[in-house]
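Peer 1: Below are the structure tokens for one structure; questions will follow.
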Amino acid sequence: MIFLTVGTTQFPFHRFIRAVDNVLLSTNRNEKLIAQVGRCTYRISYKNKKVCIDASYDELIQYMKRARVVLGHGGFGTALLGIRYSRNKIFVVPRSKGLGEHVDDHQIYLSQYLEEKKLIKMALPSDDLEGLLSSYVTSPQRNLPQNLFVTRTRLINNLTQYTEAIGQL
């Protein structure tokens, strides 16, 4: 199963959902897609799908635990849940202010930090999104065993320091 989540912000994320749809259609997959699409109005053409606007916290965790591949926006909660519960590294596509997908680029900064720590895989707005998604859906990278992760408190402290440093730029 593939799980896609774009969070619950007021901004739709058509670019990401369209790219996932195109990749699944072009690879002739029949794997189940569960897509939490938020405010997006793009209609997914891929046939083997379940689409929902929102998902509860418990549903997110269950989908992430069951999914072979987790694809998410660059939100803090989504990234941390994916790091903790996904069996493979979560693939993150952060929203971009320049593309009208969010109010600022904090998702890009967070995603870059988490990828530097080798906790996620990501695609920036300038990357070949469909190419990266296609490769990742075919061969996702295994998640590190939970005991190799820094504690949540330490990770949160590191992220706080990182975001404060960015804010001073």
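Chain labels run A, B, ... following the order of the structure tokens; each chain numbers its residues from 1, and ligands are numbered from 1 in the order shown.
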If we count only C-alpha atoms, what is near segment 14-28 of chain A at a cut-off of 8 Å, once residues fewer than 6 positions away on the same chain are taken out, given as a short mmCIF file (atom, residue, chain, number, x, y, z; two decimals) with N, CA and C atoms, in the first residue's frame?
Peer 2:
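Output saved as part02.cif:
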data_model
loop_
_atom_site.label_atom_id
_atom_site.label_comp_id
_atom_site.auth_asym_id
_atom_site.auth_seq_id
_atom_site.Cartn_x
_atom_site.Cartn_y
_atom_site.Cartn_z
N VAL A 37 -6.08 14.12 0.94
CA VAL A 37 -5.83 15.20 -0.01
C VAL A 37 -6.14 16.61 0.50
N CYS A 40 -7.27 19.93 -1.69
CA CYS A 40 -6.97 19.76 -3.11
C CYS A 40 -8.21 19.33 -3.88
N THR A 41 -8.41 19.94 -5.04
CA THR A 41 -9.55 19.60 -5.89
C THR A 41 -9.15 18.75 -7.09
N TYR A 42 -7.85 18.49 -7.23
CA TYR A 42 -7.38 17.64 -8.33
C TYR A 42 -7.98 16.24 -8.17
N ILE A 44 -7.81 12.44 -8.69
CA ILE A 44 -6.84 11.37 -8.94
C ILE A 44 -7.45 10.37 -9.92
N SER A 45 -6.71 10.09 -11.01
CA SER A 45 -7.18 9.16 -12.04
C SER A 45 -6.84 7.71 -11.73
N TYR A 46 -5.79 7.50 -10.97
CA TYR A 46 -5.36 6.15 -10.60
C TYR A 46 -6.55 5.40 -10.01
N VAL A 93 7.73 15.98 0.19
CA VAL A 93 7.70 17.06 -0.79
C VAL A 93 7.24 18.31 -0.03
N LEU A 129 10.43 16.05 -9.74
CA LEU A 129 9.56 15.40 -8.76
C LEU A 129 9.08 14.04 -9.24
N GLU A 130 8.57 13.95 -10.45
CA GLU A 130 8.06 12.67 -10.94
C GLU A 130 9.16 11.63 -11.05
N LEU A 133 10.00 10.54 -7.44
CA LEU A 133 8.89 9.74 -6.91
C LEU A 133 8.87 8.34 -7.53
N SER A 134 9.05 8.28 -8.84
CA SER A 134 9.04 6.99 -9.53
C SER A 134 10.12 6.06 -8.99
#
Peer 1: Can you list every residue in chain A that DSSP puts in helix (DSSP H, G or I), as a PyMOL selection string?
Peer 2: chain A and resi 14-26+57-66+76-85+106-116+129-138+146-148+152-167
Peer 1: Which residue is closest to Lys117 of chain A? Choose from A:Thr78, A:Thr138, A:Asn158, A:Arg29 and count only C-alpha atoms.
Peer 2: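 With only C-alpha atoms as the atom set, the closest residue is A:Asn158.
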Peer 1: Please report the interatomic distance between atom CA of Arg66 of chain A and atom CA of Leu124 of chain A in Å with one decimal.
Peer 2: 26.2 Å
Peer 1: Which neighbours of Leu60 of chain A fall inside 12 Å, counting only C-alpha atoms, when residues of the same chain fewer than 5 positions from it are skipped, and could you give them as a ChimeraX atom specification?
Peer 2: /A:3-7,34-36,52,54-55,65-67,70-72,77-82,84-86
Peer 1: Could the residues in this selection be saved with N, CA and C atoms as an mmCIF file, in the first residue's frame?
Peer 2:
data_model
loop_
_atom_site.group_PDB
_atom_site.id
_atom_site.type_symbol
_atom_site.label_atom_id
_atom_site.label_comp_id
_atom_site.auth_asym_id
_atom_site.auth_seq_id
_atom_site.Cartn_x
_atom_site.Cartn_y
_atom_site.Cartn_z
ATOM 1 N N PHE A 3 0.742 5.298 0.949
ATOM 2 C CA PHE A 3 -0.031 6.300 1.681
ATOM 3 C C PHE A 3 0.504 7.678 1.342
ATOM 4 N N LEU A 4 -0.397 8.560 0.911
ATOM 5 C CA LEU A 4 -0.078 9.943 0.563
ATOM 6 C C LEU A 4 -0.822 10.854 1.518
ATOM 7 N N THR A 5 -0.127 11.793 2.135
ATOM 8 C CA THR A 5 -0.778 12.764 3.003
ATOM 9 C C THR A 5 -0.248 14.167 2.715
ATOM 10 N N VAL A 6 -1.168 15.117 2.605
ATOM 11 C CA VAL A 6 -0.777 16.503 2.347
ATOM 12 C C VAL A 6 -1.149 17.431 3.501
ATOM 13 N N GLY A 7 -1.586 16.862 4.616
ATOM 14 C CA GLY A 7 -1.921 17.682 5.769
ATOM 15 C C GLY A 7 -3.280 18.347 5.632
ATOM 16 N N ILE A 34 -3.829 5.097 -0.661
ATOM 17 C CA ILE A 34 -4.695 5.823 0.259
ATOM 18 C C ILE A 34 -4.183 7.251 0.249
ATOM 19 N N ALA A 35 -5.050 8.185 -0.142
ATOM 20 C CA ALA A 35 -4.643 9.573 -0.322
ATOM 21 C C ALA A 35 -5.471 10.500 0.558
ATOM 22 N N GLN A 36 -4.800 11.166 1.488
ATOM 23 C CA GLN A 36 -5.427 12.213 2.297
ATOM 24 C C GLN A 36 -5.076 13.504 1.581
ATOM 25 N N CYS A 52 -9.523 10.588 0.899
ATOM 26 C CA CYS A 52 -10.216 11.243 2.000
ATOM 27 C C CYS A 52 -9.668 12.663 2.150
ATOM 28 N N ASP A 54 -9.563 14.413 5.172
ATOM 29 C CA ASP A 54 -8.800 14.436 6.417
ATOM 30 C C ASP A 54 -8.647 13.019 6.941
ATOM 31 N N ALA A 55 -7.700 12.847 7.851
ATOM 32 C CA ALA A 55 -7.523 11.578 8.552
ATOM 33 C C ALA A 55 -7.206 11.913 10.006
ATOM 34 N N LYS A 65 2.086 2.819 9.437
ATOM 35 C CA LYS A 65 2.597 1.513 9.852
ATOM 36 C C LYS A 65 2.373 0.452 8.773
ATOM 37 N N ARG A 66 1.229 0.518 8.092
ATOM 38 C CA ARG A 66 0.874 -0.495 7.093
ATOM 39 C C ARG A 66 1.493 -0.245 5.720
ATOM 40 N N ALA A 67 1.774 0.997 5.408
ATOM 41 C CA ALA A 67 2.199 1.349 4.046
ATOM 42 C C ALA A 67 3.606 0.849 3.727
ATOM 43 N N VAL A 70 5.400 5.761 2.231
ATOM 44 C CA VAL A 70 4.691 6.920 2.764
ATOM 45 C C VAL A 70 5.211 8.154 2.048
ATOM 46 N N LEU A 71 4.285 8.904 1.456
ATOM 47 C CA LEU A 71 4.600 10.137 0.741
ATOM 48 C C LEU A 71 3.903 11.267 1.481
ATOM 49 N N GLY A 72 4.662 12.291 1.889
ATOM 50 C CA GLY A 72 4.032 13.346 2.665
ATOM 51 C C GLY A 72 4.546 14.728 2.331
ATOM 52 N N GLY A 77 4.511 17.567 11.858
ATOM 53 C CA GLY A 77 3.832 16.384 12.380
ATOM 54 C C GLY A 77 3.934 15.198 11.445
ATOM 55 N N THR A 78 3.705 15.424 10.178
ATOM 56 C CA THR A 78 3.787 14.346 9.187
ATOM 57 C C THR A 78 5.195 13.764 9.145
ATOM 58 N N ALA A 79 6.193 14.623 9.115
ATOM 59 C CA ALA A 79 7.584 14.153 9.055
ATOM 60 C C ALA A 79 7.925 13.316 10.290
ATOM 61 N N LEU A 80 7.589 13.810 11.476
ATOM 62 C CA LEU A 80 7.940 13.075 12.696
ATOM 63 C C LEU A 80 7.159 11.768 12.821
ATOM 64 N N LEU A 81 5.888 11.764 12.451
ATOM 65 C CA LEU A 81 5.135 10.507 12.472
ATOM 66 C C LEU A 81 5.731 9.516 11.484
ATOM 67 N N GLY A 82 6.119 9.990 10.306
ATOM 68 C CA GLY A 82 6.735 9.111 9.314
ATOM 69 C C GLY A 82 8.061 8.538 9.784
ATOM 70 N N ARG A 84 8.907 8.031 12.833
ATOM 71 C CA ARG A 84 8.657 7.112 13.933
ATOM 72 C C ARG A 84 7.948 5.830 13.507
ATOM 73 N N TYR A 85 6.973 5.919 12.608
ATOM 74 C CA TYR A 85 6.102 4.770 12.359
ATOM 75 C C TYR A 85 6.264 4.091 11.006
ATOM 76 N N SER A 86 6.826 4.744 10.019
ATOM 77 C CA SER A 86 6.934 4.138 8.703
ATOM 78 C C SER A 86 8.069 3.119 8.672
#
Peer 1: Measuring between only C-alpha atoms, which one of A:Lys89, A:Tyr113, A:Asp58, A:Lys50 shows the shortest distance to Gln161 of chain A?
Peer 2: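 Using only C-alpha atoms, the shortest distance to Gln161 of chain A belongs to A:Tyr113.
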Peer 1: Pick out the closest residue to Ser96 of chain A from this set: A:Ser126, A:Arg43, A:Leu132, A:Ile83. Count only C-alpha atoms.
Peer 2: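 Looking only at the distances to Ser96 of chain A, the closest residue turns out to be A:Ser126.
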Peer 1: With a distance cut-off of 7 Å and only C-alpha atoms, select the neighbouring residues of Pro140 of chain A, excluding the residue or stretch itself and same-chain residues fewer than 3 positions from it, and output the selection as a list in words.
Peer 2: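 The filter keeps Val69, Asn88, Tyr136 and Val137 of chain A.
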Peer 1: Any chance you can output those residues with C-alpha atoms as a short mmCIF file (atom, residue, chain, number, x, y, z; two decimals), in the first residue's frame?
Peer 2:
data_model
loop_
_atom_site.label_atom_id
_atom_site.label_comp_id
_atom_site.auth_asym_id
_atom_site.auth_seq_id
_atom_site.Cartn_x
_atom_site.Cartn_y
_atom_site.Cartn_z
CA VAL A 69 5.66 3.72 0.92
CA ASN A 88 10.58 2.77 5.01
CA TYR A 136 11.31 5.90 -4.67
CA VAL A 137 7.96 4.15 -5.19
#
Peer 1: Can you pull out the residues contacting Glu31 of chain A? Cut-off 10 Å, using only C-alpha atoms, and skip same-chain residues under 5 positions away; I want them as a ChimeraX atom specification.
Peer 2: /A:1-2,24,46-49,68
Peer 1: Quick one: pick out all strand (DSSP E) residues within segment 39-166 of chain A from a backbone DSSP run and write them as a list in words.
Peer 2: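 So the strand (DSSP E) residues in segment 39-166 of chain A would be Lys49, Lys50, Val51, Cys52, Val69, Val70, Leu71, Gly72, His73, Phe91, Val92, Val93, Lys121 and Met122 of chain A.
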Peer 1: Convert the current residue selection to file output with C-alpha atoms, as a compact mmCIF listing (two decimals), in the first residue's frame.
Peer 2:
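Output (out.txt):
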# COMPACT_ATOMS: atom_id res chain seq x y z
CA LYS A 49 -7.44 4.31 -4.51
CA LYS A 50 -9.20 5.51 -1.40
CA VAL A 51 -9.37 9.31 -1.16
CA CYS A 52 -10.22 11.24 2.00
CA VAL A 69 5.66 3.72 0.92
CA VAL A 70 4.69 6.92 2.76
CA LEU A 71 4.60 10.14 0.74
CA GLY A 72 4.03 13.35 2.66
CA HIS A 73 4.17 17.11 2.61
CA PHE A 91 9.41 10.64 1.03
CA VAL A 92 8.71 14.33 1.63
CA VAL A 93 7.70 17.06 -0.79
CA LYS A 121 14.10 11.49 1.49
CA MET A 122 12.89 14.69 -0.14
Peer 1: What separation in Å, quoted to one decimal, exists between atom CA of Pro12 of chain A and atom CA of Ile53 of chain A?
Peer 2: 10.9 Å
